[in-house]
Structures are given as structure tokens and as C-alpha cells.
Amino acid sequence: MFNSPELFIAYRYIKARKKGFFAFLTTLIAIGGTTLGVCALVITLAVMTGFQKDIRTKILGIQPHIFITKIDGSPFNDYKEIMQQAGNVDYVKSTAPFIYGQTVIKKQGYASGTGAIIKGIDFAAEDSMIKLSDKILKGNFLHNNTISSDGIILGNELAKTINVVPGDNVIVMLPSQMTSVPKMKKLTVEAIFHSGMYEYDMSLSYVDIKSADSMFSFDGGVSGVAVVTSDIDKADFFAKDLQTKLRYPYKTKSWIDMNKNLFSALKLEKIMMFIILALIILVASFNIVSNILLLSVEKAKEIGILSAMGFSKLSISKIFFYQGLIVGTIGTFLGLILGIFISYGLKNFEIFKLPQGVYYVDRLPVIIMPHDILYVCLCAFIITVLSGLYPAYQVSKLEPLEAIRVG
């Protein structure tokens, strides 16, 4: 089983602790500390990765991969040519025009309202891009995948705020360029959608693109063109490539650019949590150091005998280094098993309910990534190796005769 005599002796030293209960207890504490540190690290990384993946999925469920707009943000009428140009590129799967506008929406008969964004879309084209029909909670849109010219689809949080349901009328107040008095238009709520992202559900609404054109006086123009690509992870590269093809006065922006601050914050948070929780393993490594030093005192006589038998100082150092490695490996293995087990439990049983307005999600998302497990193992291994170097060095300085006399 053991090709190395040093490794065999190290294993026997750990296993055969017939005397010295305190030394045995420190071994258990060292293993337990490493186990808890690795377990906490696995669970934290799984939850942080789950947050990133869940938020990305929900963002891409409501946003296209690339936006094409004019540099000054003004409407443009040649959008069909832009769509044709973009559609001729290999990595572009589909395109659709849209109109964006800021409004205030209130229930008919009520004085107060709330700010919202109206997005005018071609429902057939948009549904093929982001599957809007899959996000409809209730309303006629479920049956015919379109709405009338006087219809509107609201986010479920927005609908709750202004207290409306499908069939109710709402008043949309639009800014007027000619006077200080806003224009008003009555629309009928034809459906309620739920994206899973609180900000979208609270502020976004959909109308037919022709209705939006009339409301915002775009005269046949659009705010931009939405693009869906063949690879979401390469959207940044594709956006830059499209930019060079379309040129001035158009600009492109990927979903990665649109949400850069959010994902940068999540990535930084994940890194910081990794560093902080790695300190738990580092603290546990001090238990490994004390355990090996205690064992070296306990086995002083055996160290002297091994030296007399011809074991070099390096070989004796390896024995105690291997002991630290074995303790660390056992703790790491148990921590991985426990961490993965708890992570799967959190994933399959909704133990924690989260407020969507704070965390973007209503449950605790958990995704275990192989590379995260690899990072944890690598971190624990490095700390374990370093924790075994100092006591091994101290043992190597013992003289054989002195060790026998002390033992």
C-alpha cells in the first residue's frame, strides 16, 4: 500500500495513538477545522456561482444580446437596412426593432401613478428572441401572442403597485415637447409578465411598436435594433465586430456592457469571500502545526532510534511532513463531501426564502462548478503543505543521541 517507508511510518503515527489523549484530540481538531473551512468554502462558492448564473439567465430572458442605437440616442428610420446588414452576419440569429420611452402609468380613476419604461416591440419578432410568451402569468397574450393597438403588458410588480389586473384600464402620461402639459393615453392591460428580475418587473411594460411610435411621435423611426447572437459569452466580441461593420452614426452595446457593474461586483464579492473563507483553512493549519510539534515531542525516542537505524534527517523530516499532509488531505476530503452534500440539500430544498427586491431572486441558487472544487482543493493543499514545512524543519534539527536521551 505504501511505497515510501516515511509515508508508512507517518500513517502509523497518526493511527496508533495509544497514549496521549491530548495529542489525539489535537489531531481531531486539526481535521475538523480543515473540514469546516473547506465545507464553508465549497458552499459559499456554489451559492455565489448560483447567483451569477441565475441573474444572467434572467437578464438574458428579458434582454437581447446586443443593442444597436444611434450615438446621440435619437430615433432613426433606416432600421430595416440596419436589420438586414446585421442579419447577413453569420453569428446573428435574429433581429427586432424596438422603441423605448419614459412614462408615468396610473390606474384609471386614481390620482397617483408610478414611473415606468414603455418598450414598443414587434411581438412576433420579440417572442422569437426572448420567448416573452413564456413569461406571461395571465392575460389574452397567452392565446394569441399579440395585443391590440390600445393594449399594454405590465410587469407583475408594476401591476401590483398600481393595483391593476388584465382587463383594467390605465392612463399613460407622456412628456410633450410642445407644452408643459403631458400627453395622456388610455390603454387596456391585456397581460401581466414575470421575468424574475425585480427591477424589470417593477418598471418595464410592453406595447405594440406602432402604438409606441404614435405615443412618442417617432414618425416611423425606432430607438434601436435588438440582436440575438449564436453565443452569449461572445456577445462583447460580436458587438465590436458589428460596430466596425455598421460604423458612424451607429453604436453597439452588448448585454455584458449593459450589466458590467453588476457582474463585476458579483465577481469581486466571490473573490473576497474565497479569500476570507480560505483564512478558516489557514487557522486550521495552525492546529496541524501544533499537532505535529506535539507528536515530535511524544515520538522523540523513536526519532532517535530511526536516526540510529540509518534514517537521514531528510527522511525523518518527511515522516512528519507526510503526517501534516495526511491530516490536511483527510480534512479536505471530508470538507468536500460535506460541502457538496449540503449544497445539494440547499439546491433541492428551498430552505431559505429571499426578498426579490434585495437579492434579485426569490430562492437560494446553488451551482457546483468543477473548477470551483479544483480551486478549493488547490488552496487547501497549498496551505496544508506549508503548515507541514515548519514542524518538519524543527524535527530535522534534533540530534539522535539527544532525542534518545529525551525520549
# chains A, B, ... in the order shown; residues from 1 in each chain; ligands from 1

$ closest_atom_pairs --of "region 12-104 of chain A" --to "region 335-352 of chain A" --cutoff "8 Å" --atoms "only C-alpha atoms" --output "JSON lines"
{"residue": "A:Thr34", "atom": "CA", "partner": "A:Gly335", "partner_atom": "CA", "distance": 7.1}
{"residue": "A:Thr35", "atom": "CA", "partner": "A:Gly335", "partner_atom": "CA", "distance": 3.9}
{"residue": "A:Leu36", "atom": "CA", "partner": "A:Gly335", "partner_atom": "CA", "distance": 6.0}
{"residue": "A:Gly37", "atom": "CA", "partner": "A:Gly335", "partner_atom": "CA", "distance": 7.2}
{"residue": "A:Val38", "atom": "CA", "partner": "A:Gly335", "partner_atom": "CA", "distance": 4.9}
{"residue": "A:Cys39", "atom": "CA", "partner": "A:Gly339", "partner_atom": "CA", "distance": 4.1}
{"residue": "A:Ala40", "atom": "CA", "partner": "A:Gly339", "partner_atom": "CA", "distance": 6.7}
{"residue": "A:Leu41", "atom": "CA", "partner": "A:Gly339", "partner_atom": "CA", "distance": 7.8}
{"residue": "A:Val42", "atom": "CA", "partner": "A:Gly339", "partner_atom": "CA", "distance": 5.4}
{"residue": "A:Ile43", "atom": "CA", "partner": "A:Gly339", "partner_atom": "CA", "distance": 5.6}
{"residue": "A:Ala46", "atom": "CA", "partner": "A:Ser343", "partner_atom": "CA", "distance": 7.0}

$ select_by_dssp --residues "region 70-269 of chain A" --states "alpha helix (DSSP H)" --output "ChimeraX atom specification"
/A:79-87,123-130,141-144,156-162,198-203,209-216,235-246,255-258,260-269

$ closest_atom_pairs --of "region 13-117 of chain A" --to "region 150-157 of chain A" --cutoff "12 Å" --atoms "only C-alpha atoms" --output "tab-separated table"
residue	atom	partner	partner_atom	distance
A:Ile62	CA	A:Gly155	CA	11.3
A:Ile105	CA	A:Leu154	CA	10.0
A:Lys106	CA	A:Leu154	CA	11.6
A:Lys107	CA	A:Leu154	CA	12.0
A:Thr114	CA	A:Glu157	CA	11.4
A:Ala116	CA	A:Leu154	CA	9.6
A:Ile117	CA	A:Leu154	CA	10.0

$ write_last_selection --atoms "N, CA and C atoms" --output "mmCIF file, in the first residue's frame"
data_model
loop_
_atom_site.group_PDB
_atom_site.id
_atom_site.type_symbol
_atom_site.label_atom_id
_atom_site.label_comp_id
_atom_site.auth_asym_id
_atom_site.auth_seq_id
_atom_site.Cartn_x
_atom_site.Cartn_y
_atom_site.Cartn_z
ATOM 1 N N ILE A 62 -34.908 38.592 -20.704
ATOM 2 C CA ILE A 62 -35.682 39.804 -20.979
ATOM 3 C C ILE A 62 -34.914 40.777 -21.870
ATOM 4 N N ILE A 105 -47.341 55.756 -15.332
ATOM 5 C CA ILE A 105 -48.543 54.946 -15.520
ATOM 6 C C ILE A 105 -49.366 54.949 -14.236
ATOM 7 N N LYS A 106 -50.667 55.157 -14.392
ATOM 8 C CA LYS A 106 -51.562 55.098 -13.234
ATOM 9 C C LYS A 106 -52.857 54.393 -13.632
ATOM 10 N N LYS A 107 -53.532 53.864 -12.653
ATOM 11 C CA LYS A 107 -54.821 53.222 -12.903
ATOM 12 C C LYS A 107 -55.866 54.291 -13.180
ATOM 13 N N THR A 114 -46.971 55.746 -11.103
ATOM 14 C CA THR A 114 -45.559 55.399 -10.879
ATOM 15 C C THR A 114 -44.793 55.468 -12.193
ATOM 16 N N ALA A 116 -42.405 54.465 -15.190
ATOM 17 C CA ALA A 116 -42.196 53.182 -15.866
ATOM 18 C C ALA A 116 -41.571 53.420 -17.233
ATOM 19 N N ILE A 117 -41.038 52.344 -17.778
ATOM 20 C CA ILE A 117 -40.488 52.375 -19.139
ATOM 21 C C ILE A 117 -41.443 51.622 -20.046
#

$ atom_distance --atom1 "CA of Val327 (chain A)" --atom2 "CA of Leu28 (chain A)"
8.8 Å

$ select_by_dssp --residues "region 62-192 of chain A" --states "strand (DSSP E)" --output "ChimeraX atom specification"
/A:66-70,92-107,114-121,136-139,151-155,169-174,183-192

$ write_last_selection --atoms "C-alpha atoms" --output "compact mmCIF listing (two decimals), in the first residue's frame"
# COMPACT_ATOMS: atom_id res chain seq x y z
CA ILE A 66 -26.72 43.26 -28.46
CA PHE A 67 -28.37 46.69 -28.81
CA ILE A 68 -27.85 48.82 -31.93
CA THR A 69 -28.65 52.51 -31.45
CA LYS A 70 -27.52 55.89 -32.75
CA VAL A 92 -26.54 36.87 -35.79
CA LYS A 93 -29.56 34.61 -35.29
CA SER A 94 -32.36 37.21 -35.28
CA THR A 95 -33.08 40.94 -35.08
CA ALA A 96 -36.03 43.07 -33.99
CA PRO A 97 -36.73 46.83 -33.79
CA PHE A 98 -37.83 48.48 -30.55
CA ILE A 99 -38.88 51.85 -29.14
CA TYR A 100 -38.02 52.96 -25.60
CA GLY A 101 -39.68 55.74 -23.68
CA GLN A 102 -40.11 57.02 -20.12
CA THR A 103 -43.68 57.42 -18.87
CA VAL A 104 -45.84 57.61 -15.77
CA ILE A 105 -48.54 54.95 -15.52
CA LYS A 106 -51.56 55.10 -13.23
CA LYS A 107 -54.82 53.22 -12.90
CA THR A 114 -45.56 55.40 -10.88
CA GLY A 115 -42.69 55.91 -13.28
CA ALA A 116 -42.20 53.18 -15.87
CA ILE A 117 -40.49 52.38 -19.14
CA ILE A 118 -42.63 51.57 -22.14
CA LYS A 119 -40.98 49.34 -24.73
CA GLY A 120 -42.66 49.20 -28.10
CA ILE A 121 -41.90 45.92 -29.86
CA ILE A 136 -46.77 35.75 -19.19
CA LEU A 137 -48.58 35.00 -15.93
CA LYS A 138 -52.11 35.81 -17.09
CA GLY A 139 -53.92 37.58 -19.91
CA GLY A 151 -53.23 47.24 -25.19
CA ILE A 152 -50.31 47.06 -22.76
CA ILE A 153 -48.43 44.30 -20.91
CA LEU A 154 -47.20 45.18 -17.41
CA GLY A 155 -44.61 43.64 -15.13
CA ASN A 169 -57.63 50.49 -17.96
CA VAL A 170 -54.53 52.53 -17.23
CA ILE A 171 -53.57 56.09 -18.12
CA VAL A 172 -50.13 56.60 -19.63
CA MET A 173 -48.73 60.11 -19.23
CA LEU A 174 -46.19 61.04 -21.87
CA LYS A 183 -49.99 63.91 -23.21
CA MET A 184 -52.23 61.15 -21.90
CA LYS A 185 -53.32 57.91 -23.49
CA LYS A 186 -55.71 55.28 -22.17
CA LEU A 187 -54.58 51.67 -22.58
CA THR A 188 -56.04 48.35 -21.54
CA VAL A 189 -53.96 45.89 -19.52
CA GLU A 190 -54.04 42.74 -21.64
CA ALA A 191 -51.42 40.65 -19.81
CA ILE A 192 -49.04 40.51 -16.83

$ residues_around --residues "Leu389 (chain A)" --least-positions-apart "4" --cutoff "10 Å" --atoms "only C-alpha atoms" --output "count of residues only"
12

$ atom_distance --atom1 "CA of Pro391 (chain A)" --atom2 "CA of Phe286 (chain A)"
10.7 Å

$ residues_around --residues "Asp236 (chain A)" --least-positions-apart "2" --cutoff "8 Å" --atoms "only C-alpha atoms" --output "number ranges by chain"
A: 233-234, 238-240, 253-257

$ write_last_selection --atoms "C-alpha atoms" --output "PDB file, in the first residue's frame"
ATOM      1  CA  ASP A 233     -20.485  34.607 -23.976  1.00  0.00           C
ATOM      2  CA  LYS A 234     -19.010  36.166 -27.135  1.00  0.00           C
ATOM      3  CA  PHE A 238     -19.673  40.294 -31.696  1.00  0.00           C
ATOM      4  CA  ALA A 239     -20.784  43.809 -30.663  1.00  0.00           C
ATOM      5  CA  LYS A 240     -17.368  45.247 -31.526  1.00  0.00           C
ATOM      6  CA  LYS A 253     -23.608  47.622 -26.854  1.00  0.00           C
ATOM      7  CA  SER A 254     -23.666  44.048 -25.579  1.00  0.00           C
ATOM      8  CA  TRP A 255     -25.596  42.724 -22.599  1.00  0.00           C
ATOM      9  CA  ILE A 256     -22.222  42.324 -20.884  1.00  0.00           C
ATOM     10  CA  ASP A 257     -21.559  46.073 -21.197  1.00  0.00           C
TER      11      ASP A 257
END

$ residues_around --residues "Lys58 (chain A)" --least-positions-apart "6" --cutoff "9 Å" --atoms "only C-alpha atoms" --output "MDAnalysis selection string"
chainID A and resid 195:197

$ atom_distance --atom1 "CA of Met215 (chain A)" --atom2 "CA of Ser148 (chain A)"
14.4 Å

$ closest_residue --among "A:Cys377, A:Met202, A:Val207, A:Val227" --to "Gln63 (chain A)" --atoms "only C-alpha atoms"
A:Val227
